[in-house]
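What follows is a single structure, written as structure tokens, with notes after it.
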Amino acid sequence: PADVVPQAPEDPLFGLMRAYKADQSKDKIDLGIGAYRDNNAKPWVLPVVRKADDIIHNDPNLDHEYLPIAGLASFTSKAREIFLGAASPALKDERVTSVQTISGTGAVHLGALFLAKFYKGNRTIYFSNPTWANHKQIFDNVALPTATYPYFDKKTKGLDFEGMKKALQDAPERSIILLHACAHNPTGVDPTEAQWREIASIMRQKSHFPFFDSAYQGFASGDLERDAGAVRHFVEQGFELLVAQSFAKNFGLYGERAGCLHFVTAPGPSAKEDTARIASQLAILQRSEISNPPIYGARIVSTVLNDDKLFAEWRDNLREMSGRIKDMRQALRSKLEALGTPGTWNHITDQIGMFSFTGLSEQQVLKLRDEFHVYMTKNGRISMAGLNTSNVDYFAKAVDKVVRE
Ligand code: PMP
């Protein structure tokens with residue numbers, strides 16, 4: 001069949017990475033890929049991960065056997081505690097089921113596959129415009145129809161809350177709504193607490209099904225509780241929902257593919273039994289897709305989450321990453337304002353998490369690449385983690401030049 005397979009386009013993000021690597025300039029800056037870099041532009045192995053690594057390597061009882069189909073239980077049970085809160089009634093009622101997945105991407109995929117097989121409401125899944133570039137192709141792959149709701153307001157570079165609310169109202173009852181739990185990718189724009197409450201209330205009225213994508217808990221604000229606030233509010237409101245949880249960013253375990261998919265059943269007399277049936281079906285899907293998940297990343301996370309001292313140290317590591325990013329937001333904004341760069345720049349510090357939607361046009365982005373060796377996606381998104389005290393000045397000056405041209 002080889003001759004009937006058409007050439008697919010290269011993934012734009014990975015193409016960008018290749019171009020960056022090939023660039024010989026000493027000034028080059030990578031603001032494309034969504035991975036944390038320290039102030040020397042180097043990947044950062046979290047100190048707490050190094051400690052967990054040592055513990056694992058020195059444990060004579062660990063082997064390389066298969067994990068169970070649903071993964072490492074000491075990992076998945078703590079993973080759900082960190083977004084629900086240990087005292088959550090959902091945990092006490094045993095109405096949460098969890099499956100270890102191939103990081104966040106695998107969790108989104110498994111959730112999508114589950115919905116494609118069992119969801120009986122309006123089977124269209126609505127996601128924000130824009131959203132993480134992979135969402136649409138993941139849902140296309142399981143043949144779930146997709147639609148978008150307005151999200152980013154180009155004028156304010158903030159949330160188009162009225163547009164979003166109207167779309168949620170207008171969507172047929174029992175639609176599936178994909179929500180970013182915090183640190184929206186690619187915009188960095190999150191609803192406020194009050195806005196989340198309104199979103200939940202509309203979704204309640206319309207009996208929509210929330211599917212949370214949580215890729216940045218603790219990485220966004222440095223506070224695990226705060227970054228889980230939206231999901232917790234929905235759970236308190238009694239929704240049944242899915243959460244796709246990634247440990248790539250908040251543990252710096254990108255390549256280890258540690259993640260979970262959680263299904264929270266609504267409270268009620270049959271909730272525990274319903275949850276057990278859902279678990280049995282998720283196990284069958286998992287078995288047919290990957291048999292059982294990879295062990296190493298889950299062991300690292302489990303070692304940290306199950307030890308009070310290491311857990312506290314992880315929180316410090318999270319604050320260090322999120323703090324450095326916040327400092328870079330502040331530095332970039334102040335430099336642009338000091339240069340008098342045309343436009344407003346408050347959105348750089350209003351936005352949160354790994355990314356900022358700068359508002360730069362595609363033409364300006366290409367100029368930054370060709371003339372200044374700065375690599376970012378064509379939609380004007382920058383990864384804040386690519387900035388540091390040595391290059392933020394150069395970047396601000398480059399932006400200033402292309403905006404003025
Ligand atoms: N969802 C969102 C919104 C993301 O930004 C990411 C990471 N770029 C993911 C999911 C999944 O990442 P991973 O599979 O590496 O956990």
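Labels used: A, B, ... for chains in the order of the structure tokens, numbers from 1 for residues in each chain, and numbers from 1 for ligands as shown.
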
Can you pull out every residue within 12 Å of Phe14 (chain A), counting only C-alpha atoms, but drop anything in the same chain fewer than 6 positions away, and send it as a PyMOL selection string?
chain A and resi 20-21+30+32-34+375-377

Just the residues within 8 Å of Leu67 (chain A), please, counting only C-alpha atoms, with nothing from its chain fewer than 3 positions along; format it as a PyMOL selection string.
chain A and resi 70-72+292-295

Using only C-alpha atoms and all ligand atoms, which residues of the polymer chains come no farther than 6 Å from ligand 1? I'd like the answer as an NGL selection string.
:A and (34 or 103-105 or 132 or 185 or 213 or 215 or 246 or 248 or 254)

Identify which of the residues A:Pro210, A:Pro47, A:Pro6, A:Gly229 lies closest to Gln195 (chain A), counting only C-alpha atoms when measuring atom-to-atom distances.
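Checking each candidate against Gln195 (chain A), we get A:Gly229 as the closest.
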
Nearest candidate to Gly353 (chain A) (options A:Leu13, A:Leu62, A:Leu224, A:Val189; using only C-alpha atoms)
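For Gly353 (chain A), the nearest of the candidates is A:Val189.
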
Sel. of strand (DSSP E) residues, region 93-182 of chain A, as JSON, numbers by chain:
{"A": [96, 97, 98, 99, 100, 101, 102, 122, 123, 124, 125, 126, 127, 128, 129, 146, 147, 148, 149, 150, 152, 153, 158, 159, 175, 176, 177, 178, 179, 180]}

Just the helix (DSSP H, G or I) stuff from region 51-108 of chain A, please, per backbone DSSP, written as a VMD selection string.
chain A and resid 51 to 57 73 to 84 89 to 92 103 to 108

Go ahead and dump the residues you just picked, C-alpha atoms, as an mmCIF file, in the first residue's frame.
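Full text of part.cif as output:
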data_model
loop_
_atom_site.group_PDB
_atom_site.id
_atom_site.type_symbol
_atom_site.label_atom_id
_atom_site.label_comp_id
_atom_site.auth_asym_id
_atom_site.auth_seq_id
_atom_site.Cartn_x
_atom_site.Cartn_y
_atom_site.Cartn_z
ATOM 1 C CA LYS A 51 16.924 12.336 45.260
ATOM 2 C CA ALA A 52 14.038 10.061 44.255
ATOM 3 C CA ASP A 53 16.257 8.628 41.542
ATOM 4 C CA ASP A 54 18.924 7.693 44.123
ATOM 5 C CA ILE A 55 16.340 6.061 46.371
ATOM 6 C CA ILE A 56 15.024 3.980 43.476
ATOM 7 C CA HIS A 57 18.477 2.935 42.288
ATOM 8 C CA ALA A 73 -1.346 2.288 42.397
ATOM 9 C CA SER A 74 0.896 4.231 44.817
ATOM 10 C CA PHE A 75 1.341 6.771 41.995
ATOM 11 C CA THR A 76 -2.246 7.096 40.714
ATOM 12 C CA SER A 77 -3.767 7.298 44.204
ATOM 13 C CA LYS A 78 -1.501 10.201 45.229
ATOM 14 C CA ALA A 79 -1.810 11.823 41.827
ATOM 15 C CA ARG A 80 -5.548 12.222 42.257
ATOM 16 C CA GLU A 81 -5.115 13.471 45.813
ATOM 17 C CA ILE A 82 -3.051 16.413 44.634
ATOM 18 C CA PHE A 83 -5.718 17.810 42.362
ATOM 19 C CA LEU A 84 -8.791 16.807 44.395
ATOM 20 C CA PRO A 89 -15.621 13.625 49.461
ATOM 21 C CA ALA A 90 -15.098 12.118 45.998
ATOM 22 C CA LEU A 91 -12.158 10.124 47.415
ATOM 23 C CA LYS A 92 -13.989 9.197 50.603
ATOM 24 C CA SER A 103 1.844 11.388 30.120
ATOM 25 C CA GLY A 104 -0.829 14.011 29.459
ATOM 26 C CA THR A 105 -1.133 13.215 25.763
ATOM 27 C CA GLY A 106 -1.941 9.585 26.516
ATOM 28 C CA ALA A 107 -4.459 10.680 29.141
ATOM 29 C CA VAL A 108 -6.248 12.994 26.707
#

Non-local contacts of region 264-276 of chain A (12 Å; only C-alpha atoms; under 4 positions in same chain excluded) as a PyMOL selection string
chain A and resi 80+83-84+88-99+209-212+231-232+234-244+280-283

Selected residues written out with N, CA and C atoms, as a compact mmCIF listing (two decimals), in the first residue's frame:
# COMPACT_ATOMS: atom_id res chain seq x y z
N ARG A 80 -4.20 11.63 42.19
CA ARG A 80 -5.55 12.22 42.26
C ARG A 80 -5.74 13.04 43.52
N PHE A 83 -4.81 16.84 42.98
CA PHE A 83 -5.72 17.81 42.36
C PHE A 83 -7.06 17.87 43.06
N LEU A 84 -7.49 16.77 43.70
CA LEU A 84 -8.79 16.81 44.39
C LEU A 84 -8.68 17.37 45.81
N SER A 88 -11.12 15.30 49.92
CA SER A 88 -12.26 15.39 48.99
C SER A 88 -13.28 14.28 49.24
N PRO A 89 -14.57 14.65 49.31
CA PRO A 89 -15.62 13.62 49.46
C PRO A 89 -15.60 12.62 48.30
N ALA A 90 -15.16 13.04 47.14
CA ALA A 90 -15.10 12.12 46.00
C ALA A 90 -14.17 10.94 46.31
N LEU A 91 -13.08 11.21 47.05
CA LEU A 91 -12.16 10.12 47.42
C LEU A 91 -12.77 9.26 48.52
N LYS A 92 -13.38 9.93 49.49
CA LYS A 92 -13.99 9.20 50.60
C LYS A 92 -15.10 8.27 50.08
N ASP A 93 -15.87 8.77 49.13
CA ASP A 93 -16.99 7.98 48.56
C ASP A 93 -16.51 6.92 47.56
N GLU A 94 -15.23 6.89 47.29
CA GLU A 94 -14.65 5.95 46.30
C GLU A 94 -15.34 6.07 44.95
N ARG A 95 -15.48 7.32 44.50
CA ARG A 95 -16.08 7.51 43.18
C ARG A 95 -15.10 8.16 42.19
N VAL A 96 -13.82 7.84 42.37
CA VAL A 96 -12.79 8.28 41.42
C VAL A 96 -12.04 7.04 40.95
N THR A 97 -11.91 6.89 39.64
CA THR A 97 -11.07 5.80 39.15
C THR A 97 -9.95 6.38 38.31
N SER A 98 -8.77 5.79 38.43
CA SER A 98 -7.58 6.38 37.81
C SER A 98 -6.78 5.35 37.03
N VAL A 99 -6.27 5.78 35.91
CA VAL A 99 -5.45 4.91 35.07
C VAL A 99 -4.16 5.66 34.76
N PHE A 209 -20.59 18.08 29.84
CA PHE A 209 -19.62 17.17 30.47
C PHE A 209 -18.22 17.81 30.44
N PRO A 210 -17.62 18.12 31.60
CA PRO A 210 -16.29 18.74 31.61
C PRO A 210 -15.17 17.70 31.45
N PHE A 211 -14.26 18.03 30.58
CA PHE A 211 -13.05 17.22 30.39
C PHE A 211 -11.87 18.17 30.64
N PHE A 212 -11.22 18.03 31.80
CA PHE A 212 -10.12 18.93 32.16
C PHE A 212 -8.79 18.39 31.68
N VAL A 231 -10.76 22.71 38.92
CA VAL A 231 -11.21 21.30 38.94
C VAL A 231 -11.95 21.03 40.26
N ARG A 232 -11.36 21.50 41.36
CA ARG A 232 -12.00 21.25 42.67
C ARG A 232 -13.38 21.86 42.74
N PHE A 234 -15.49 22.34 40.29
CA PHE A 234 -16.41 21.49 39.50
C PHE A 234 -16.76 20.21 40.26
N VAL A 235 -15.78 19.62 40.92
CA VAL A 235 -16.04 18.39 41.68
C VAL A 235 -17.01 18.70 42.83
N GLU A 236 -16.76 19.85 43.51
CA GLU A 236 -17.67 20.24 44.61
C GLU A 236 -19.09 20.45 44.10
N GLN A 237 -19.21 20.91 42.87
CA GLN A 237 -20.55 21.15 42.30
C GLN A 237 -21.24 19.85 41.87
N GLY A 238 -20.58 18.74 42.03
CA GLY A 238 -21.22 17.45 41.79
C GLY A 238 -21.19 16.98 40.34
N PHE A 239 -20.33 17.56 39.52
CA PHE A 239 -20.21 17.09 38.13
C PHE A 239 -19.61 15.69 38.08
N GLU A 240 -19.95 14.93 37.05
CA GLU A 240 -19.08 13.82 36.69
C GLU A 240 -18.13 14.39 35.64
N LEU A 241 -16.89 14.00 35.69
CA LEU A 241 -15.92 14.62 34.80
C LEU A 241 -14.67 13.76 34.62
N LEU A 242 -13.89 14.16 33.62
CA LEU A 242 -12.60 13.52 33.36
C LEU A 242 -11.48 14.52 33.62
N VAL A 243 -10.36 14.04 34.11
CA VAL A 243 -9.16 14.88 34.23
C VAL A 243 -7.99 14.14 33.60
N ALA A 244 -7.33 14.79 32.64
CA ALA A 244 -6.08 14.27 32.08
C ALA A 244 -4.96 15.01 32.78
N SER A 280 -13.51 -0.84 34.87
CA SER A 280 -13.35 -2.10 34.13
C SER A 280 -13.25 -1.83 32.63
N GLN A 281 -13.98 -0.83 32.15
CA GLN A 281 -13.93 -0.51 30.72
C GLN A 281 -12.62 0.23 30.36
N LEU A 282 -12.19 1.11 31.25
CA LEU A 282 -10.92 1.80 30.98
C LEU A 282 -9.78 0.79 30.91
N ALA A 283 -9.87 -0.25 31.74
CA ALA A 283 -8.81 -1.27 31.73
C ALA A 283 -8.77 -2.00 30.38

Would you mind reading off the distance between CA of Ser322 (chain A) and CA of Gly222 (chain A), one decimal, in Å?
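That distance, rounded to one decimal, is 5.4 Å.
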
From the options A:Val403, A:Ala220, A:Met321, A:Ala112, which residue's atoms come nearest to Ser356 (chain A), counting only C-alpha atoms?
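Among A:Val403, A:Ala220, A:Met321, A:Ala112, it is A:Ala220 that comes nearest to Ser356 (chain A).
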
Quick one: everything within 9 Å of Asn391 (chain A), counting only C-alpha atoms, minus sequence neighbours fewer than 5 positions away in the same chain. Send it as an mmCIF file with N, CA and C atoms, in the first residue's frame.
data_model
loop_
_atom_site.group_PDB
_atom_site.id
_atom_site.type_symbol
_atom_site.label_atom_id
_atom_site.label_comp_id
_atom_site.auth_asym_id
_atom_site.auth_seq_id
_atom_site.Cartn_x
_atom_site.Cartn_y
_atom_site.Cartn_z
ATOM 1 N N ASP A 27 23.628 34.518 19.340
ATOM 2 C CA ASP A 27 22.507 35.252 19.953
ATOM 3 C C ASP A 27 21.208 34.463 19.950
ATOM 4 N N ILE A 29 17.842 32.434 20.297
ATOM 5 C CA ILE A 29 16.988 32.176 21.474
ATOM 6 C C ILE A 29 15.860 31.227 21.061
ATOM 7 N N GLY A 386 12.162 30.114 27.955
ATOM 8 C CA GLY A 386 13.321 30.325 27.081
ATOM 9 C C GLY A 386 14.033 31.638 27.382
ATOM 10 N N ALA A 396 13.828 41.850 24.152
ATOM 11 C CA ALA A 396 12.963 43.036 24.226
ATOM 12 C C ALA A 396 13.351 44.031 23.128
#

Please report the interatomic distance between CA of Val304 (chain A) and CA of Arg50 (chain A) in Å with one decimal.
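One can read the CA of Val304 (chain A) to CA of Arg50 (chain A) distance as 10.5 Å.
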